[in-house]
>>> print(open('structure_11.csv').read())   # CSV, C-alpha atoms
chain,number,residue,atom,x,y,z
A,9,ASP,CA,11.7,14.8,-1.6
A,10,THR,CA,9.6,11.8,-0.5
A,11,GLU,CA,7.5,11.5,-3.6
A,12,VAL,CA,6.8,8.7,-6.0
A,13,THR,CA,5.3,10.0,-9.3
A,14,GLN,CA,3.2,8.0,-11.7
A,15,THR,CA,2.0,8.8,-15.2
A,16,PRO,CA,-0.5,8.9,-16.7
A,17,LYS,CA,-3.2,9.5,-13.9
A,18,HIS,CA,-5.9,7.9,-16.0
A,19,LEU,CA,-5.7,5.5,-19.0
A,20,VAL,CA,-8.4,4.0,-21.1
A,21,MET,CA,-7.3,1.3,-23.5
A,22,GLY,CA,-8.9,-1.3,-25.7
A,23,MET,CA,-8.1,-5.0,-25.4
A,24,THR,CA,-5.9,-4.9,-28.5
A,25,ASN,CA,-3.9,-1.9,-27.5
A,26,LYS,CA,-0.3,-1.7,-26.1
A,27,LYS,CA,0.3,0.9,-23.5
A,28,SER,CA,2.8,1.6,-20.7
A,29,LEU,CA,2.6,3.0,-17.2
A,30,LYS,CA,5.5,4.9,-15.8
A,31,CYS,CA,6.8,5.4,-12.2
A,32,GLU,CA,9.6,7.6,-11.0
A,33,GLN,CA,11.3,8.3,-7.6
A,34,HIS,CA,14.3,10.4,-6.7
A,35,MET,CA,14.8,9.2,-3.1
A,36,GLY,CA,17.6,6.9,-3.9
A,37,HIS,CA,15.5,3.9,-3.1
A,38,ARG,CA,16.7,0.6,-4.5
A,39,ALA,CA,13.5,-1.4,-4.3
A,40,MET,CA,10.4,-0.7,-6.4
A,41,TYR,CA,7.1,-2.4,-6.6
A,42,TRP,CA,4.0,-2.7,-8.7
A,43,TYR,CA,0.6,-3.2,-7.0
A,44,LYS,CA,-2.9,-3.7,-8.4
A,45,GLN,CA,-5.8,-2.4,-6.4
A,46,LYS,CA,-9.5,-3.1,-7.0
A,47,ALA,CA,-12.2,-0.8,-5.6
A,48,LYS,CA,-12.6,-1.2,-1.8
A,49,LYS,CA,-9.8,-3.8,-1.6
A,50,PRO,CA,-6.2,-3.6,-0.3
A,51,PRO,CA,-3.3,-3.4,-2.8
A,52,GLU,CA,-2.2,-6.8,-4.3
A,53,LEU,CA,1.5,-7.2,-5.0
A,54,MET,CA,2.4,-7.9,-8.6
A,55,PHE,CA,6.2,-7.4,-9.1
A,56,VAL,CA,9.2,-6.4,-7.0
A,57,TYR,CA,12.5,-5.0,-8.3
A,58,SER,CA,15.4,-5.0,-6.0
A,59,TYR,CA,18.6,-3.2,-7.2
A,60,GLU,CA,17.1,-3.1,-10.7
A,61,LYS,CA,16.6,-6.8,-10.9
A,62,LEU,CA,13.2,-8.5,-10.8
A,63,SER,CA,13.1,-10.4,-7.6
A,64,ILE,CA,9.4,-11.3,-7.2
A,65,ASN,CA,6.7,-12.0,-9.8
A,66,GLU,CA,3.5,-12.9,-8.0
A,67,SER,CA,2.3,-15.2,-10.9
A,68,VAL,CA,1.1,-12.2,-12.9
A,69,PRO,CA,-0.2,-13.0,-16.4
A,70,SER,CA,2.3,-12.3,-19.2
A,71,ARG,CA,0.1,-9.5,-20.6
A,72,PHE,CA,1.8,-7.4,-17.9
A,73,SER,CA,5.5,-6.9,-18.5
A,74,PRO,CA,7.6,-4.9,-16.0
A,75,GLU,CA,10.8,-3.1,-16.8
A,76,CYS,CA,13.3,-1.2,-14.6
A,77,PRO,CA,15.5,0.8,-16.9
A,78,ASN,CA,17.5,2.4,-14.0
A,79,SER,CA,17.3,2.8,-10.2
A,80,SER,CA,14.8,5.7,-10.5
A,81,LEU,CA,12.4,4.4,-13.1
A,82,LEU,CA,9.9,1.6,-13.2
A,83,ASN,CA,7.6,0.8,-16.2
A,84,LEU,CA,4.7,-1.6,-16.6
A,85,HIS,CA,4.0,-2.5,-20.2
A,86,LEU,CA,0.5,-3.6,-21.0
A,87,HIS,CA,-0.7,-5.7,-23.9
A,88,ALA,CA,-3.9,-7.5,-24.8
A,89,LEU,CA,-5.5,-6.7,-21.4
A,90,GLN,CA,-8.9,-7.9,-20.3
A,91,PRO,CA,-11.8,-5.8,-18.9
A,92,GLU,CA,-11.1,-7.5,-15.5
A,93,ASP,CA,-7.7,-5.9,-15.5
A,94,SER,CA,-9.3,-2.5,-14.9
A,95,ALA,CA,-8.0,-1.2,-11.6
A,96,LEU,CA,-5.8,1.3,-9.9
A,97,TYR,CA,-2.1,0.4,-10.5
A,98,LEU,CA,0.1,1.6,-7.7
A,99,CYS,CA,3.9,2.0,-7.8
A,100,ALA,CA,5.9,2.0,-4.5
A,101,SER,CA,9.5,2.3,-3.5
A,102,SER,CA,11.5,1.6,-0.4
A,103,GLN,CA,15.1,2.0,0.7
A,104,ASP,CA,17.7,-0.7,0.2
A,105,ARG,CA,16.6,-4.3,-0.4
A,106,ALA,CA,13.0,-5.2,-1.0
A,107,PHE,CA,10.7,-5.0,2.0
A,108,THR,CA,13.5,-4.0,4.3
A,109,TYR,CA,12.1,-0.6,5.0
A,110,GLU,CA,8.8,1.3,4.8
A,111,GLN,CA,7.2,1.6,1.3
A,112,TYR,CA,6.2,5.0,-0.2
A,113,PHE,CA,3.3,4.7,-2.6
A,114,GLY,CA,2.6,6.9,-5.7
A,115,PRO,CA,-0.9,8.2,-6.5
A,116,GLY,CA,-1.6,5.4,-9.0
A,117,THR,CA,-2.8,5.1,-12.5
A,118,ARG,CA,-6.5,4.5,-12.9
A,119,LEU,CA,-6.7,2.0,-15.8
A,120,THR,CA,-9.9,1.2,-17.7
A,121,VAL,CA,-9.9,-1.6,-20.3
A,122,THR,CA,-12.8,-1.5,-22.7
B,30,GLY,CA,1.0,-17.8,5.2
B,31,GLU,CA,0.1,-14.7,7.1
B,32,ASN,CA,-3.6,-13.7,7.4
B,33,VAL,CA,-4.7,-10.3,8.7
B,34,GLU,CA,-8.2,-9.5,9.7
B,35,GLN,CA,-9.4,-5.9,10.1
B,36,HIS,CA,-12.5,-4.6,11.9
B,37,PRO,CA,-14.7,-2.8,11.5
B,38,SER,CA,-15.1,-2.5,7.7
B,39,THR,CA,-16.8,0.9,8.1
B,40,LEU,CA,-16.7,3.4,11.0
B,41,SER,CA,-18.6,6.6,11.3
B,42,VAL,CA,-17.8,9.0,14.1
B,43,GLN,CA,-18.7,12.6,15.0
B,44,GLU,CA,-16.0,15.2,14.7
B,45,GLY,CA,-14.0,15.4,17.9
B,46,ASP,CA,-14.7,11.8,18.9
B,47,SER,CA,-12.1,9.0,19.0
B,48,ALA,CA,-11.9,6.2,16.4
B,49,VAL,CA,-10.4,2.7,16.9
B,50,ILE,CA,-9.6,0.2,14.2
B,51,LYS,CA,-8.4,-3.3,15.2
B,52,CYS,CA,-6.4,-5.9,13.3
B,53,THR,CA,-5.4,-9.5,14.2
B,54,TYR,CA,-2.7,-11.4,12.5
B,55,SER,CA,-1.9,-15.1,12.4
B,56,ASP,CA,1.9,-15.5,12.0
B,57,SER,CA,3.7,-15.1,15.3
B,58,ALA,CA,6.9,-14.3,13.4
B,59,SER,CA,5.5,-11.0,12.1
B,60,ASN,CA,7.4,-8.2,13.6
B,61,TYR,CA,6.5,-5.0,11.7
B,62,PHE,CA,3.0,-3.5,11.6
B,63,PRO,CA,2.4,-0.4,9.4
B,64,TRP,CA,-0.9,1.6,9.1
B,65,TYR,CA,-1.8,3.3,5.8
B,66,LYS,CA,-4.3,6.0,5.1
B,67,GLN,CA,-5.7,6.1,1.6
B,68,GLU,CA,-7.7,9.2,0.5
B,69,LEU,CA,-9.9,9.2,-2.5
B,70,GLY,CA,-7.9,9.3,-5.7
B,71,LYS,CA,-4.6,8.8,-3.9
B,72,GLY,CA,-2.2,6.0,-3.1
B,73,PRO,CA,-1.8,4.6,0.5
B,74,GLN,CA,0.3,6.8,2.7
B,75,LEU,CA,2.1,5.4,5.8
B,76,ILE,CA,0.8,7.2,8.8
B,77,ILE,CA,2.3,5.2,11.7
B,78,ASP,CA,4.1,1.9,12.3
B,79,ILE,CA,5.2,-0.3,15.2
B,80,ARG,CA,7.7,-3.0,15.6
B,81,SER,CA,7.3,-6.1,17.7
B,82,ASN,CA,9.7,-4.9,20.4
B,83,VAL,CA,7.4,-1.9,21.2
B,84,GLY,CA,4.0,-2.0,22.8
B,85,GLU,CA,2.7,1.4,21.9
B,86,LYS,CA,3.7,4.3,19.7
B,87,LYS,CA,2.1,7.7,19.5
B,88,ASP,CA,2.3,10.6,17.0
B,89,GLN,CA,0.2,13.5,17.9
B,90,ARG,CA,-3.5,12.4,17.5
B,91,ILE,CA,-2.6,9.0,16.2
B,92,ALA,CA,-1.4,6.0,18.3
B,93,VAL,CA,-0.9,2.3,17.6
B,94,THR,CA,-0.9,-0.5,20.3
B,95,LEU,CA,0.5,-4.0,19.8
B,96,ASN,CA,-0.3,-7.1,21.9
B,97,LYS,CA,2.1,-9.8,20.7
B,98,THR,CA,0.6,-12.5,22.9
B,99,ALA,CA,-2.9,-12.0,21.5
B,100,LYS,CA,-1.5,-11.2,18.1
B,101,HIS,CA,-3.5,-8.0,17.6
B,102,PHE,CA,-2.8,-4.4,17.0
B,103,SER,CA,-5.0,-1.3,17.0
B,104,LEU,CA,-5.0,2.2,15.5
B,105,HIS,CA,-6.4,5.0,17.7
B,106,ILE,CA,-7.3,8.4,16.4
B,107,THR,CA,-8.3,11.0,18.9
B,108,GLU,CA,-10.1,14.3,18.3
B,109,THR,CA,-11.1,13.2,14.8
B,110,GLN,CA,-11.4,15.8,12.1
B,111,PRO,CA,-13.2,15.7,8.7
B,112,GLU,CA,-9.9,15.4,7.0
B,113,ASP,CA,-9.3,12.0,8.8
B,114,SER,CA,-12.0,10.6,6.6
B,115,ALA,CA,-10.3,8.0,4.4
B,116,VAL,CA,-9.8,4.2,4.0
B,117,TYR,CA,-7.3,2.8,6.6
B,118,PHE,CA,-5.3,-0.4,6.0
B,119,CYS,CA,-3.3,-2.3,8.5
B,120,ALA,CA,-0.6,-4.6,7.5
B,121,ALA,CA,1.8,-7.2,9.0
B,122,LYS,CA,5.1,-8.5,7.8
B,123,VAL,CA,8.1,-10.6,8.8
B,124,ASN,CA,11.5,-8.9,8.4
B,125,ALA,CA,12.2,-8.7,4.7
B,126,GLY,CA,9.0,-10.4,3.7
B,127,LYS,CA,6.1,-8.8,1.9
B,128,SER,CA,3.3,-7.1,3.7
B,129,THR,CA,-0.1,-8.8,4.2
B,130,PHE,CA,-2.8,-6.2,4.2
B,131,GLY,CA,-6.1,-6.1,6.1
B,132,ASP,CA,-9.2,-5.5,4.0
B,133,GLY,CA,-9.5,-1.9,5.0
B,134,THR,CA,-11.7,0.3,7.1
B,135,THR,CA,-13.7,3.2,5.7
B,136,LEU,CA,-13.7,6.0,8.3
B,137,THR,CA,-16.2,8.8,8.0
B,138,VAL,CA,-15.9,11.8,10.3
B,139,LYS,CA,-19.1,13.8,10.4
B,140,PRO,CA,-18.7,17.6,11.0
>>> encode(input="structure_11.csv", output="structure tokens")
Amino acid sequence: DTEVTQTPKHLVMGMTNKKSLKCEQHMGHRAMYWYKQKAKKPPELMFVYSYEKLSINESVPSRFSPECPNSSLLNLHLHALQPEDSALYLCASSQDRAFTYEQYFGPGTRLTVT
Amino acid sequence: GENVEQHPSTLSVQEGDSAVIKCTYSDSASNYFPWYKQELGKGPQLIIDIRSNVGEKKDQRIAVTLNKTAKHFSLHITETQPEDSAVYFCAAKVNAGKSTFGDGTTLTVKP
């Protein structure tokens, strides 16, 4: 099973809402990543978890809050977002420590902030 | 930091023709170069990669070449098919560092 799953597929939220994105993998990978992707642009790294500990935060605004409850799950909590935060949010995972091996991406959550 | 330039930004070919996408990188320490294919509504999928100790790698209709001296690498797709239509991203990284992506190439294969 080489699959990274993400829920929901689509999310529309107002600027005052609180919502969460979920990512799951069952490949035994110990590194998990959140990326943000705008239309026709490459993915931009947001956060990296390595062995369930946050190892990289790419200066992401605090309205985005990541969480790694266990080695298979990764959440991204959203609060007080801005319209410019509308994008495709991608989760990825890789074997062992962060960036050591190839990354496997999920299908993404298409987020629209109204 | 690393800078990756990718060309062309759009590429249209006839089915059965070959397609070539080129990337250049700036950091001579980069030693891993993956290529991702992203279809509409999906996340990027790794299609082929190459490490700096190898000059060329092939997987069926897809090949990647690397010129370390010139700091560029290329993706070659032969006998293109409509299902090859997608956005392709190159990337470069150093060991356990994060990947730097190119800006992407939108490939359209016309039947």
>>> interface_residues(input="structure_11.csv", of="chain B", to="chain A", cutoff="6 Å", atoms="all atoms listed in the file", output="list in words")
Lys71, Gly72, Pro73, Ala125, Gly126, Lys127 and Asp132 of chain B
>>> atom_distance(input="structure_11.csv", atom1="CA of Asn60 in chain B", atom2="CA of His36 in chain B")
20.3 Å
>>> residues_around(input="structure_11.csv", residues="Leu86 in chain A", least_positions_apart="4", cutoff="9 Å", atoms="all atoms listed in the file", output="tab-separated table (two decimals) with C-alpha atoms, in the frame of the given file")
chain	number	residue	atom	x	y	z
A	25	ASN	CA	-3.90	-1.90	-27.50
A	26	LYS	CA	-0.30	-1.70	-26.10
A	27	LYS	CA	0.30	0.90	-23.50
A	28	SER	CA	2.80	1.60	-20.70
A	29	LEU	CA	2.60	3.00	-17.20
A	71	ARG	CA	0.10	-9.50	-20.60
A	72	PHE	CA	1.80	-7.40	-17.90
A	73	SER	CA	5.50	-6.90	-18.50
A	74	PRO	CA	7.60	-4.90	-16.00
>>> residues_around(input="structure_11.csv", residues="Asn65 in chain A", least_positions_apart="3", cutoff="10 Å", atoms="all atoms listed in the file", output="PyMOL selection string")
chain A and resi 42+53-57+62+68-69+74
>>> atom_distance(input="structure_11.csv", atom1="CA of Ile50 in chain B", atom2="CA of Glu108 in chain B")
14.7 Å
>>> closest_residue(input="structure_11.csv", among="A:Lys30, A:Lys44, A:Ser101, A:Met21", to="Glu60 in chain A", atoms="only C-alpha atoms")
A:Ser101
>>> atom_distance(input="structure_11.csv", atom1="CA of Pro77 in chain A", atom2="CA of Cys31 in chain A")
10.9 Å
>>> residues_near_point(input="structure_11.csv", point="(4.2, -6.5, 19.2)", cutoff="7 Å", atoms="all atoms listed in the file", output="list in words")
Asn60, Arg80, Ser81, Asn82, Val83, Gly84, Leu95, Asn96 and Lys97 of chain B
>>> closest_residue(input="structure_11.csv", among="A:Cys76, A:Met35, A:Ala95, A:Ala47", to="Lys61 in chain A", atoms="all atoms listed in the file")
A:Cys76
>>> residues_around(input="structure_11.csv", residues="Ile77 in chain B", least_positions_apart="5", cutoff="8 Å", atoms="only C-alpha atoms", output="MDAnalysis selection string")
chainID B and resid 63:65 88 91:93
>>> closest_residue(input="structure_11.csv", among="B:Lys100, B:Lys122, B:Arg90, B:Lys66", to="Ala48 in chain B", atoms="all atoms listed in the file")
B:Arg90
>>> residues_near_point(input="structure_11.csv", point="(-9.9, -2.9, 5.6)", cutoff="10 Å", atoms="only C-alpha atoms", output="ChimeraX atom specification")
/A:48-50 /B:33-39,50-52,116-120,130-135
>>> closest_residue(input="structure_11.csv", among="A:Thr13, A:Ser67, A:Gln33, A:Thr120", to="Leu89 in chain A", atoms="all atoms listed in the file")
A:Thr120
>>> closest_residue(input="structure_11.csv", among="B:Gln74, B:Asn32, B:Ser41, B:Asn124", to="Val138 in chain B", atoms="all atoms listed in the file")
B:Ser41
>>> closest_residue(input="structure_11.csv", among="A:Leu81, A:Ala88, A:Thr122, A:Asp93", to="Gln14 in chain A", atoms="all atoms listed in the file")
A:Leu81
>>> axis_aligned_box(input="structure_11.csv", around="range 100-105 of chain A", padding_each_side="6 Å", output="JSON")
{"center_x": 11.8, "center_y": -1.0, "center_z": -1.9, "size_x": 23.8, "size_y": 18.6, "size_z": 17.2}
>>> residues_around(input="structure_11.csv", residues="Thr98 in chain B", least_positions_apart="4", cutoff="12 Å", atoms="only C-alpha atoms", output="PDB file with C-alpha atoms, in the frame of the given file")
ATOM      1  CA  THR B  53      -5.400  -9.500  14.200  1.00  0.00           C
ATOM      2  CA  TYR B  54      -2.700 -11.400  12.500  1.00  0.00           C
ATOM      3  CA  SER B  55      -1.900 -15.100  12.400  1.00  0.00           C
ATOM      4  CA  ASP B  56       1.900 -15.500  12.000  1.00  0.00           C
ATOM      5  CA  SER B  57       3.700 -15.100  15.300  1.00  0.00           C
ATOM      6  CA  ALA B  58       6.900 -14.300  13.400  1.00  0.00           C
ATOM      7  CA  SER B  59       5.500 -11.000  12.100  1.00  0.00           C
ATOM      8  CA  SER B  81       7.300  -6.100  17.700  1.00  0.00           C
ATOM      9  CA  GLY B  84       4.000  -2.000  22.800  1.00  0.00           C
ATOM     10  CA  PHE B 102      -2.800  -4.400  17.000  1.00  0.00           C
TER      11      PHE B 102
END
>>> build_atoms(input="structure_11.csv", residues="range 48-59 of chain A", atoms="all heavy atoms", output="PDB file, in the coordinates of the input")
ATOM      1  N   LYS A  48     -12.261  -0.732  -3.147  1.00  0.00           N
ATOM      2  CA  LYS A  48     -12.600  -1.200  -1.800  1.00  0.00           C
ATOM      3  C   LYS A  48     -11.796  -2.402  -1.343  1.00  0.00           C
ATOM      4  O   LYS A  48     -12.241  -3.135  -0.450  1.00  0.00           O
ATOM      5  CB  LYS A  48     -14.080  -1.412  -1.627  1.00  0.00           C
ATOM      6  CG  LYS A  48     -14.939  -0.177  -1.904  1.00  0.00           C
ATOM      7  CD  LYS A  48     -16.380  -0.418  -1.544  1.00  0.00           C
ATOM      8  CE  LYS A  48     -17.273   0.768  -1.888  1.00  0.00           C
ATOM      9  NZ  LYS A  48     -16.904   1.982  -1.145  1.00  0.00           N
ATOM     10  N   LYS A  49     -10.635  -2.641  -1.974  1.00  0.00           N
ATOM     11  CA  LYS A  49      -9.800  -3.800  -1.600  1.00  0.00           C
ATOM     12  C   LYS A  49      -8.378  -3.279  -1.310  1.00  0.00           C
ATOM     13  O   LYS A  49      -7.984  -2.199  -1.758  1.00  0.00           O
ATOM     14  CB  LYS A  49      -9.726  -4.788  -2.772  1.00  0.00           C
ATOM     15  CG  LYS A  49     -11.047  -5.493  -3.032  1.00  0.00           C
ATOM     16  CD  LYS A  49     -11.397  -6.424  -1.899  1.00  0.00           C
ATOM     17  CE  LYS A  49     -12.648  -7.219  -2.201  1.00  0.00           C
ATOM     18  NZ  LYS A  49     -13.046  -8.066  -1.039  1.00  0.00           N
ATOM     19  N   PRO A  50      -7.609  -4.060  -0.570  1.00  0.00           N
ATOM     20  CA  PRO A  50      -6.200  -3.600  -0.300  1.00  0.00           C
ATOM     21  C   PRO A  50      -5.370  -3.858  -1.584  1.00  0.00           C
ATOM     22  O   PRO A  50      -5.768  -4.594  -2.486  1.00  0.00           O
ATOM     23  CB  PRO A  50      -5.771  -4.592   0.789  1.00  0.00           C
ATOM     24  CG  PRO A  50      -6.641  -5.786   0.663  1.00  0.00           C
ATOM     25  CD  PRO A  50      -7.971  -5.283   0.148  1.00  0.00           C
ATOM     26  N   PRO A  51      -4.207  -3.230  -1.639  1.00  0.00           N
ATOM     27  CA  PRO A  51      -3.300  -3.400  -2.800  1.00  0.00           C
ATOM     28  C   PRO A  51      -2.830  -4.888  -2.841  1.00  0.00           C
ATOM     29  O   PRO A  51      -2.571  -5.515  -1.815  1.00  0.00           O
ATOM     30  CB  PRO A  51      -2.134  -2.500  -2.479  1.00  0.00           C
ATOM     31  CG  PRO A  51      -2.658  -1.513  -1.489  1.00  0.00           C
ATOM     32  CD  PRO A  51      -3.681  -2.236  -0.696  1.00  0.00           C
ATOM     33  N   GLU A  52      -2.711  -5.406  -4.076  1.00  0.00           N
ATOM     34  CA  GLU A  52      -2.200  -6.800  -4.300  1.00  0.00           C
ATOM     35  C   GLU A  52      -0.825  -6.635  -4.980  1.00  0.00           C
ATOM     36  O   GLU A  52      -0.718  -6.011  -6.042  1.00  0.00           O
ATOM     37  CB  GLU A  52      -3.104  -7.556  -5.218  1.00  0.00           C
ATOM     38  CG  GLU A  52      -4.492  -7.814  -4.712  1.00  0.00           C
ATOM     39  CD  GLU A  52      -5.339  -8.477  -5.790  1.00  0.00           C
ATOM     40  OE1 GLU A  52      -4.803  -9.332  -6.536  1.00  0.00           O
ATOM     41  OE2 GLU A  52      -6.520  -8.121  -5.912  1.00  0.00           O
ATOM     42  N   LEU A  53       0.175  -7.251  -4.403  1.00  0.00           N
ATOM     43  CA  LEU A  53       1.500  -7.200  -5.000  1.00  0.00           C
ATOM     44  C   LEU A  53       1.561  -7.898  -6.322  1.00  0.00           C
ATOM     45  O   LEU A  53       1.029  -8.996  -6.472  1.00  0.00           O
ATOM     46  CB  LEU A  53       2.513  -7.818  -4.007  1.00  0.00           C
ATOM     47  CG  LEU A  53       3.974  -7.725  -4.391  1.00  0.00           C
ATOM     48  CD1 LEU A  53       4.452  -6.277  -4.373  1.00  0.00           C
ATOM     49  CD2 LEU A  53       4.824  -8.581  -3.442  1.00  0.00           C
ATOM     50  N   MET A  54       2.225  -7.238  -7.302  1.00  0.00           N
ATOM     51  CA  MET A  54       2.400  -7.900  -8.600  1.00  0.00           C
ATOM     52  C   MET A  54       3.885  -8.203  -8.843  1.00  0.00           C
ATOM     53  O   MET A  54       4.228  -9.336  -9.112  1.00  0.00           O
ATOM     54  CB  MET A  54       1.945  -6.911  -9.718  1.00  0.00           C
ATOM     55  CG  MET A  54       0.480  -6.517  -9.657  1.00  0.00           C
ATOM     56  SD  MET A  54       0.065  -5.289 -10.907  1.00  0.00           S
ATOM     57  CE  MET A  54       0.178  -6.244 -12.415  1.00  0.00           C
ATOM     58  N   PHE A  55       4.733  -7.178  -8.790  1.00  0.00           N
ATOM     59  CA  PHE A  55       6.200  -7.400  -9.100  1.00  0.00           C
ATOM     60  C   PHE A  55       6.999  -6.576  -8.083  1.00  0.00           C
ATOM     61  O   PHE A  55       6.567  -5.554  -7.565  1.00  0.00           O
ATOM     62  CB  PHE A  55       6.509  -6.818 -10.488  1.00  0.00           C
ATOM     63  CG  PHE A  55       5.755  -7.452 -11.618  1.00  0.00           C
ATOM     64  CD1 PHE A  55       4.713  -6.764 -12.229  1.00  0.00           C
ATOM     65  CD2 PHE A  55       6.104  -8.707 -12.096  1.00  0.00           C
ATOM     66  CE1 PHE A  55       4.018  -7.336 -13.282  1.00  0.00           C
ATOM     67  CE2 PHE A  55       5.418  -9.285 -13.148  1.00  0.00           C
ATOM     68  CZ  PHE A  55       4.372  -8.590 -13.750  1.00  0.00           C
ATOM     69  N   VAL A  56       8.217  -7.078  -7.860  1.00  0.00           N
ATOM     70  CA  VAL A  56       9.200  -6.400  -7.000  1.00  0.00           C
ATOM     71  C   VAL A  56      10.523  -6.351  -7.752  1.00  0.00           C
ATOM     72  O   VAL A  56      10.982  -7.385  -8.231  1.00  0.00           O
ATOM     73  CB  VAL A  56       9.379  -7.033  -5.659  1.00  0.00           C
ATOM     74  CG1 VAL A  56      10.372  -6.227  -4.829  1.00  0.00           C
ATOM     75  CG2 VAL A  56       8.054  -7.172  -4.928  1.00  0.00           C
ATOM     76  N   TYR A  57      11.130  -5.167  -7.808  1.00  0.00           N
ATOM     77  CA  TYR A  57      12.500  -5.000  -8.300  1.00  0.00           C
ATOM     78  C   TYR A  57      13.374  -4.626  -7.120  1.00  0.00           C
ATOM     79  O   TYR A  57      13.048  -3.723  -6.360  1.00  0.00           O
ATOM     80  CB  TYR A  57      12.588  -3.947  -9.383  1.00  0.00           C
ATOM     81  CG  TYR A  57      12.273  -4.467 -10.763  1.00  0.00           C
ATOM     82  CD1 TYR A  57      10.947  -4.576 -11.188  1.00  0.00           C
ATOM     83  CD2 TYR A  57      13.282  -4.859 -11.626  1.00  0.00           C
ATOM     84  CE1 TYR A  57      10.651  -5.062 -12.452  1.00  0.00           C
ATOM     85  CE2 TYR A  57      13.001  -5.347 -12.897  1.00  0.00           C
ATOM     86  CZ  TYR A  57      11.678  -5.452 -13.292  1.00  0.00           C
ATOM     87  OH  TYR A  57      11.382  -5.929 -14.549  1.00  0.00           O
ATOM     88  N   SER A  58      14.493  -5.321  -6.997  1.00  0.00           N
ATOM     89  CA  SER A  58      15.400  -5.000  -6.000  1.00  0.00           C
ATOM     90  C   SER A  58      16.790  -4.792  -6.633  1.00  0.00           C
ATOM     91  O   SER A  58      17.291  -5.689  -7.322  1.00  0.00           O
ATOM     92  CB  SER A  58      15.519  -6.157  -4.949  1.00  0.00           C
ATOM     93  OG  SER A  58      16.298  -5.825  -3.833  1.00  0.00           O
ATOM     94  N   TYR A  59      17.331  -3.599  -6.475  1.00  0.00           N
ATOM     95  CA  TYR A  59      18.600  -3.200  -7.200  1.00  0.00           C
ATOM     96  C   TYR A  59      18.481  -3.506  -8.657  1.00  0.00           C
ATOM     97  O   TYR A  59      19.364  -4.099  -9.268  1.00  0.00           O
ATOM     98  CB  TYR A  59      19.775  -3.962  -6.517  1.00  0.00           C
ATOM     99  CG  TYR A  59      20.180  -3.362  -5.201  1.00  0.00           C
ATOM    100  CD1 TYR A  59      19.495  -3.672  -4.025  1.00  0.00           C
ATOM    101  CD2 TYR A  59      21.222  -2.464  -5.120  1.00  0.00           C
ATOM    102  CE1 TYR A  59      19.839  -3.083  -2.820  1.00  0.00           C
ATOM    103  CE2 TYR A  59      21.596  -1.879  -3.907  1.00  0.00           C
ATOM    104  CZ  TYR A  59      20.896  -2.193  -2.771  1.00  0.00           C
ATOM    105  OH  TYR A  59      21.245  -1.621  -1.568  1.00  0.00           O
TER     106      TYR A  59
END
